[in-house]
>>> print(open('target_36.csv').read())   # CSV, C-alpha atoms
chain,number,residue,atom,x,y,z
A,802,MET,CA,-43.2,77.0,-65.0
A,803,PRO,CA,-45.8,75.8,-67.6
A,804,ARG,CA,-44.9,75.9,-71.3
A,805,LEU,CA,-47.4,76.3,-74.1
A,806,ALA,CA,-47.2,75.0,-77.6
A,807,GLY,CA,-45.1,76.9,-80.0
A,808,GLY,CA,-42.6,78.0,-77.4
A,809,LEU,CA,-44.8,80.6,-75.7
A,810,LEU,CA,-44.7,81.2,-72.0
A,811,MET,CA,-47.4,83.3,-70.4
A,812,LEU,CA,-46.2,85.2,-67.3
A,813,GLY,CA,-49.8,85.8,-66.2
A,814,PHE,CA,-50.5,82.1,-66.5
A,815,ALA,CA,-47.9,81.3,-63.8
A,816,ALA,CA,-49.5,83.8,-61.4
A,817,ALA,CA,-53.0,82.8,-62.2
A,818,ALA,CA,-52.2,79.1,-61.9
A,819,LEU,CA,-51.4,79.6,-58.2
A,820,PRO,CA,-54.2,79.4,-55.6
A,821,ALA,CA,-55.1,82.8,-54.3
A,822,ALA,CA,-53.6,82.0,-50.9
A,823,ALA,CA,-50.2,81.3,-52.5
A,824,GLN,CA,-50.4,84.5,-54.6
A,825,SER,CA,-50.8,86.6,-51.5
A,826,ALA,CA,-47.9,85.0,-49.6
A,827,PRO,CA,-44.5,86.7,-50.0
A,828,VAL,CA,-42.7,85.1,-52.9
A,829,ASP,CA,-38.9,84.7,-53.3
A,830,PRO,CA,-37.6,86.4,-56.4
A,831,LEU,CA,-37.4,84.4,-59.6
A,832,VAL,CA,-35.2,85.3,-62.5
A,833,LEU,CA,-36.0,84.2,-66.0
A,834,THR,CA,-33.0,84.2,-68.3
A,835,HIS,CA,-32.5,83.9,-72.1
A,836,ALA,CA,-36.1,85.0,-72.8
A,837,ASN,CA,-37.5,86.7,-75.9
A,838,VAL,CA,-39.8,89.3,-74.5
A,839,VAL,CA,-42.7,90.6,-76.7
A,840,ASP,CA,-43.6,94.2,-76.2
A,841,VAL,CA,-47.3,94.2,-77.2
A,842,ARG,CA,-47.3,98.1,-77.4
A,843,THR,CA,-44.5,98.4,-80.0
A,844,GLY,CA,-44.5,95.0,-81.5
A,845,ARG,CA,-40.8,94.7,-80.8
A,846,VAL,CA,-39.1,91.6,-79.4
A,847,THR,CA,-36.2,91.9,-77.0
A,848,ALA,CA,-34.0,88.9,-77.5
A,849,ASP,CA,-32.0,87.1,-74.8
A,850,ALA,CA,-33.5,89.2,-71.9
A,851,THR,CA,-33.3,88.6,-68.2
A,852,LEU,CA,-36.5,89.2,-66.2
A,853,VAL,CA,-36.6,89.6,-62.5
A,854,LEU,CA,-39.9,88.6,-60.9
A,855,ARG,CA,-40.7,89.6,-57.3
A,856,GLY,CA,-44.1,89.1,-55.6
A,857,GLY,CA,-45.7,87.9,-58.8
A,858,ARG,CA,-44.8,91.0,-60.7
A,859,ILE,CA,-42.1,91.9,-63.2
A,860,GLU,CA,-39.5,94.0,-61.4
A,861,SER,CA,-37.1,94.5,-64.3
A,862,ILE,CA,-36.3,93.4,-67.8
A,863,GLY,CA,-32.8,93.9,-69.2
A,864,ALA,CA,-29.7,92.3,-70.6
A,865,THR,CA,-27.9,92.0,-67.2
A,866,PRO,CA,-27.0,88.5,-65.9
A,867,ALA,CA,-29.1,86.9,-63.2
A,868,PRO,CA,-28.3,88.2,-59.6
A,869,SER,CA,-26.5,85.6,-57.5
A,870,GLY,CA,-28.3,83.5,-54.9
A,871,VAL,CA,-31.7,83.8,-56.6
A,872,ARG,CA,-33.8,81.0,-58.1
A,873,THR,CA,-33.3,81.1,-61.9
A,874,LEU,CA,-35.1,79.5,-64.8
A,875,ASP,CA,-33.4,79.3,-68.2
A,876,LEU,CA,-36.1,79.8,-70.8
A,877,LYS,CA,-33.8,78.8,-73.7
A,878,GLY,CA,-35.2,81.3,-76.1
A,879,LYS,CA,-38.9,80.8,-75.3
A,880,TYR,CA,-41.1,83.8,-75.8
A,881,VAL,CA,-42.7,85.7,-72.9
A,882,LEU,CA,-45.7,88.0,-73.4
A,883,PRO,CA,-48.3,89.5,-71.0
A,884,GLY,CA,-51.4,87.6,-70.1
A,885,LEU,CA,-54.3,88.2,-72.5
A,886,ILE,CA,-57.7,89.6,-71.7
A,887,ASP,CA,-60.9,88.2,-73.2
A,888,ALA,CA,-63.3,91.1,-72.9
A,889,HIS,CA,-66.4,89.3,-74.1
A,890,THR,CA,-67.1,85.7,-73.1
A,891,HIS,CA,-70.0,83.5,-72.1
A,892,ALA,CA,-67.9,80.8,-70.4
A,893,ASP,CA,-70.1,78.8,-68.2
A,894,ASN,CA,-68.2,75.8,-67.0
A,895,VAL,CA,-64.8,74.9,-65.5
A,896,ALA,CA,-63.5,73.4,-68.7
A,897,ALA,CA,-64.1,76.6,-70.6
A,898,PHE,CA,-62.3,78.7,-68.0
A,899,GLN,CA,-59.4,76.3,-67.9
A,900,ARG,CA,-59.2,76.3,-71.8
A,901,ALA,CA,-59.0,80.1,-71.7
A,902,LEU,CA,-56.2,80.0,-69.1
A,903,GLU,CA,-54.3,77.4,-71.0
A,904,SER,CA,-54.5,79.6,-74.2
A,905,GLY,CA,-53.0,82.6,-72.4
A,906,VAL,CA,-56.1,84.4,-71.1
A,907,THR,CA,-55.5,85.5,-67.6
A,908,THR,CA,-58.4,87.9,-67.3
A,909,MET,CA,-61.9,87.5,-68.6
A,910,ARG,CA,-64.9,89.8,-68.6
A,911,SER,CA,-68.1,87.8,-68.6
A,912,ALA,CA,-71.0,89.0,-70.7
A,913,GLY,CA,-73.4,87.0,-68.7
A,914,VAL,CA,-74.3,83.3,-68.4
A,915,SER,CA,-77.2,81.3,-66.9
A,916,ASN,CA,-77.2,80.2,-63.3
A,917,TYR,CA,-74.5,82.7,-62.3
A,918,ALA,CA,-71.7,80.3,-63.3
A,919,ASP,CA,-69.3,83.1,-63.9
A,920,VAL,CA,-69.9,84.5,-60.4
A,921,GLY,CA,-69.4,81.1,-58.9
A,922,PHE,CA,-66.2,80.5,-60.8
A,923,HIS,CA,-64.8,83.9,-59.8
A,924,GLU,CA,-65.4,83.1,-56.2
A,925,LEU,CA,-63.7,79.7,-56.5
A,926,VAL,CA,-60.6,81.3,-58.0
A,927,GLN,CA,-60.6,84.1,-55.4
A,928,LYS,CA,-60.7,81.5,-52.6
A,929,GLY,CA,-58.0,79.4,-54.1
A,930,ALA,CA,-60.4,76.4,-54.7
A,931,ALA,CA,-59.9,76.5,-58.5
A,932,ILE,CA,-57.2,77.4,-60.9
A,933,GLY,CA,-58.3,79.8,-63.6
A,934,PRO,CA,-58.3,83.3,-65.0
A,935,ASP,CA,-59.5,86.3,-63.0
A,936,VAL,CA,-63.1,86.8,-64.0
A,937,ALA,CA,-65.1,90.0,-63.9
A,938,PRO,CA,-68.5,88.4,-63.7
A,939,ALA,CA,-71.7,89.9,-65.1
A,940,GLY,CA,-74.0,87.4,-63.5
A,941,TYR,CA,-77.3,86.6,-65.1
A,942,HIS,CA,-77.6,88.1,-68.6
A,943,VAL,CA,-80.6,90.1,-69.8
A,944,ARG,CA,-82.6,88.2,-72.4
A,945,ARG,CA,-84.9,89.3,-75.1
A,946,GLY,CA,-88.4,89.7,-73.7
A,947,TRP,CA,-87.1,90.3,-70.2
A,948,ARG,CA,-88.7,93.2,-68.4
A,949,PRO,CA,-87.8,94.6,-65.0
A,950,ARG,CA,-90.1,93.8,-62.1
A,951,ARG,CA,-92.3,96.6,-61.1
A,952,PHE,CA,-92.7,97.2,-57.3
>>> encode(input="target_36.csv", output="structure tokens")
Amino acid sequence: MPRLAGGLLMLGFAAAALPAAAQSAPVDPLVLTHANVVDVRTGRVTADATLVLRGGRIESIGATPAPSGVRTLDLKGKYVLPGLIDAHTHADNVAAFQRALESGVTTMRSAGVSNYADVGFHELVQKGAAIGPDVAPAGYHVRRGWRPRRF
């Protein structure tokens, strides 16, 4: 499981880093122990929590010990928070999409770029050919002076 600087672990990063084919396959449960879970709605941190992940989603968060016979990862006090959303980006190359993912952004809404780069990257991620955030592409952006074609 990837770790980020400062002791943060992004759950969404783990799911987004898998090719699409691997995300759709049934996944054995994974238990994360000794995690500090950030609740972004309340601002509270639940210390020393156990998270049960099944099928790429959080099934439960609590103070119970890990179930037996399940793959377990001890986070040793690292922080867990939901994947972040960048609602306005003009990312237009693979490096920009990967930097976003590495900084915790698991979903991006493109505000448009040239040459449909956002649409292409969205397709690459969906087909499992690239690792990156889920992109809601806008396609080609409207520019000043642009006028719709009259038919």
>>> residues_near_point(input="target_36.csv", point="(-58.0, 90.5, -69.4)", cutoff="6 Å", atoms="all atoms listed in the file", output="number ranges by chain")
A: 885-887, 907-909
>>> atom_distance(input="target_36.csv", atom1="atom CA of A:Tyr917", atom2="atom CA of A:Thr890")
13.4 Å
>>> closest_residue(input="target_36.csv", among="A:Ala896, A:Leu925, A:Val914, A:Val853", to="A:Ala867", atoms="all atoms listed in the file")
A:Val853
>>> residues_near_point(input="target_36.csv", point="(-39.2, 89.5, -77.0)", cutoff="8 Å", atoms="only C-alpha atoms", output="JSON, numbers by chain")
{"A": [836, 837, 838, 839, 840, 845, 846, 847, 848, 849, 850, 880, 881, 882]}
>>> residues_around(input="target_36.csv", residues="A:Pro868", least_positions_apart="2", cutoff="12 Å", atoms="all atoms listed in the file", output="PyMOL selection string")
chain A and resi 830-834+851-854+861+864-866+870-873
>>> write_last_selection(input="target_36.csv", atoms="C-alpha atoms", output="PDB file, in the coordinates of the input")
ATOM      1  CA  PRO A 830     -37.600  86.400 -56.400  1.00  0.00           C
ATOM      2  CA  LEU A 831     -37.400  84.400 -59.600  1.00  0.00           C
ATOM      3  CA  VAL A 832     -35.200  85.300 -62.500  1.00  0.00           C
ATOM      4  CA  LEU A 833     -36.000  84.200 -66.000  1.00  0.00           C
ATOM      5  CA  THR A 834     -33.000  84.200 -68.300  1.00  0.00           C
ATOM      6  CA  THR A 851     -33.300  88.600 -68.200  1.00  0.00           C
ATOM      7  CA  LEU A 852     -36.500  89.200 -66.200  1.00  0.00           C
ATOM      8  CA  VAL A 853     -36.600  89.600 -62.500  1.00  0.00           C
ATOM      9  CA  LEU A 854     -39.900  88.600 -60.900  1.00  0.00           C
ATOM     10  CA  SER A 861     -37.100  94.500 -64.300  1.00  0.00           C
ATOM     11  CA  ALA A 864     -29.700  92.300 -70.600  1.00  0.00           C
ATOM     12  CA  THR A 865     -27.900  92.000 -67.200  1.00  0.00           C
ATOM     13  CA  PRO A 866     -27.000  88.500 -65.900  1.00  0.00           C
ATOM     14  CA  GLY A 870     -28.300  83.500 -54.900  1.00  0.00           C
ATOM     15  CA  VAL A 871     -31.700  83.800 -56.600  1.00  0.00           C
ATOM     16  CA  ARG A 872     -33.800  81.000 -58.100  1.00  0.00           C
ATOM     17  CA  THR A 873     -33.300  81.100 -61.900  1.00  0.00           C
TER      18      THR A 873
END
>>> atom_distance(input="target_36.csv", atom1="atom CA of A:Phe898", atom2="atom CA of A:Tyr941")
17.2 Å
>>> atom_distance(input="target_36.csv", atom1="atom CA of A:Arg842", atom2="atom CA of A:Pro883")
10.8 Å
>>> closest_residue(input="target_36.csv", among="A:His835, A:Arg951, A:Lys877, A:His889", to="A:Gly863", atoms="all atoms listed in the file")
A:His835
>>> closest_residue(input="target_36.csv", among="A:Ala912, A:Ile859, A:Ala918, A:Val895", to="A:Ala931", atoms="all atoms listed in the file")
A:Val895
>>> closest_residue(input="target_36.csv", among="A:Pro938, A:Gly921, A:Gly844, A:Gly857", to="A:Ala888", atoms="only C-alpha atoms")
A:Pro938
>>> closest_residue(input="target_36.csv", among="A:Gly878, A:Gly905, A:Gly913, A:Gly933", to="A:Asp893", atoms="all atoms listed in the file")
A:Gly913
>>> build_atoms(input="target_36.csv", residues="stretch 912-932 of chain A", atoms="N, CA and C atoms", output="compact mmCIF listing (two decimals), keeping the file's coordinate frame")
# COMPACT_ATOMS: atom_id res chain seq x y z
N ALA A 912 -69.84 88.28 -70.21
CA ALA A 912 -71.00 89.00 -70.70
C ALA A 912 -72.29 88.43 -70.27
N GLY A 913 -72.19 87.57 -69.27
CA GLY A 913 -73.40 87.00 -68.70
C GLY A 913 -73.61 85.55 -69.10
N VAL A 914 -73.99 84.74 -68.14
CA VAL A 914 -74.30 83.30 -68.40
C VAL A 914 -75.47 82.94 -67.46
N SER A 915 -76.06 81.82 -67.75
CA SER A 915 -77.20 81.30 -66.90
C SER A 915 -76.62 80.80 -65.58
N ASN A 916 -77.45 80.83 -64.59
CA ASN A 916 -77.20 80.20 -63.30
C ASN A 916 -75.98 80.83 -62.55
N TYR A 917 -75.57 82.02 -62.95
CA TYR A 917 -74.50 82.70 -62.30
C TYR A 917 -73.17 81.91 -62.23
N ALA A 918 -72.93 81.11 -63.28
CA ALA A 918 -71.70 80.30 -63.30
C ALA A 918 -70.46 81.11 -63.27
N ASP A 919 -70.48 82.28 -63.91
CA ASP A 919 -69.30 83.10 -63.90
C ASP A 919 -69.00 83.70 -62.53
N VAL A 920 -70.06 84.04 -61.80
CA VAL A 920 -69.90 84.50 -60.40
C VAL A 920 -69.33 83.45 -59.54
N GLY A 921 -69.86 82.25 -59.68
CA GLY A 921 -69.40 81.10 -58.90
C GLY A 921 -67.92 80.81 -59.17
N PHE A 922 -67.54 80.80 -60.46
CA PHE A 922 -66.20 80.50 -60.80
C PHE A 922 -65.22 81.59 -60.27
N HIS A 923 -65.64 82.84 -60.38
CA HIS A 923 -64.80 83.90 -59.80
C HIS A 923 -64.57 83.72 -58.36
N GLU A 924 -65.58 83.33 -57.63
CA GLU A 924 -65.40 83.10 -56.20
C GLU A 924 -64.50 81.91 -55.92
N LEU A 925 -64.61 80.84 -56.70
CA LEU A 925 -63.70 79.70 -56.50
C LEU A 925 -62.25 80.07 -56.71
N VAL A 926 -61.97 80.87 -57.74
CA VAL A 926 -60.60 81.30 -58.00
C VAL A 926 -60.10 82.21 -56.88
N GLN A 927 -60.95 83.14 -56.46
CA GLN A 927 -60.60 84.10 -55.40
C GLN A 927 -60.24 83.37 -54.10
N LYS A 928 -60.95 82.28 -53.82
CA LYS A 928 -60.70 81.50 -52.60
C LYS A 928 -59.64 80.48 -52.70
N GLY A 929 -59.07 80.32 -53.91
CA GLY A 929 -58.00 79.40 -54.10
C GLY A 929 -58.50 77.93 -54.29
N ALA A 930 -59.80 77.75 -54.51
CA ALA A 930 -60.40 76.40 -54.70
C ALA A 930 -60.30 75.93 -56.12
N ALA A 931 -60.04 76.84 -57.07
CA ALA A 931 -59.90 76.50 -58.50
C ALA A 931 -58.83 77.29 -59.12
N ILE A 932 -58.26 76.72 -60.16
CA ILE A 932 -57.20 77.40 -60.90
C ILE A 932 -57.89 77.95 -62.19
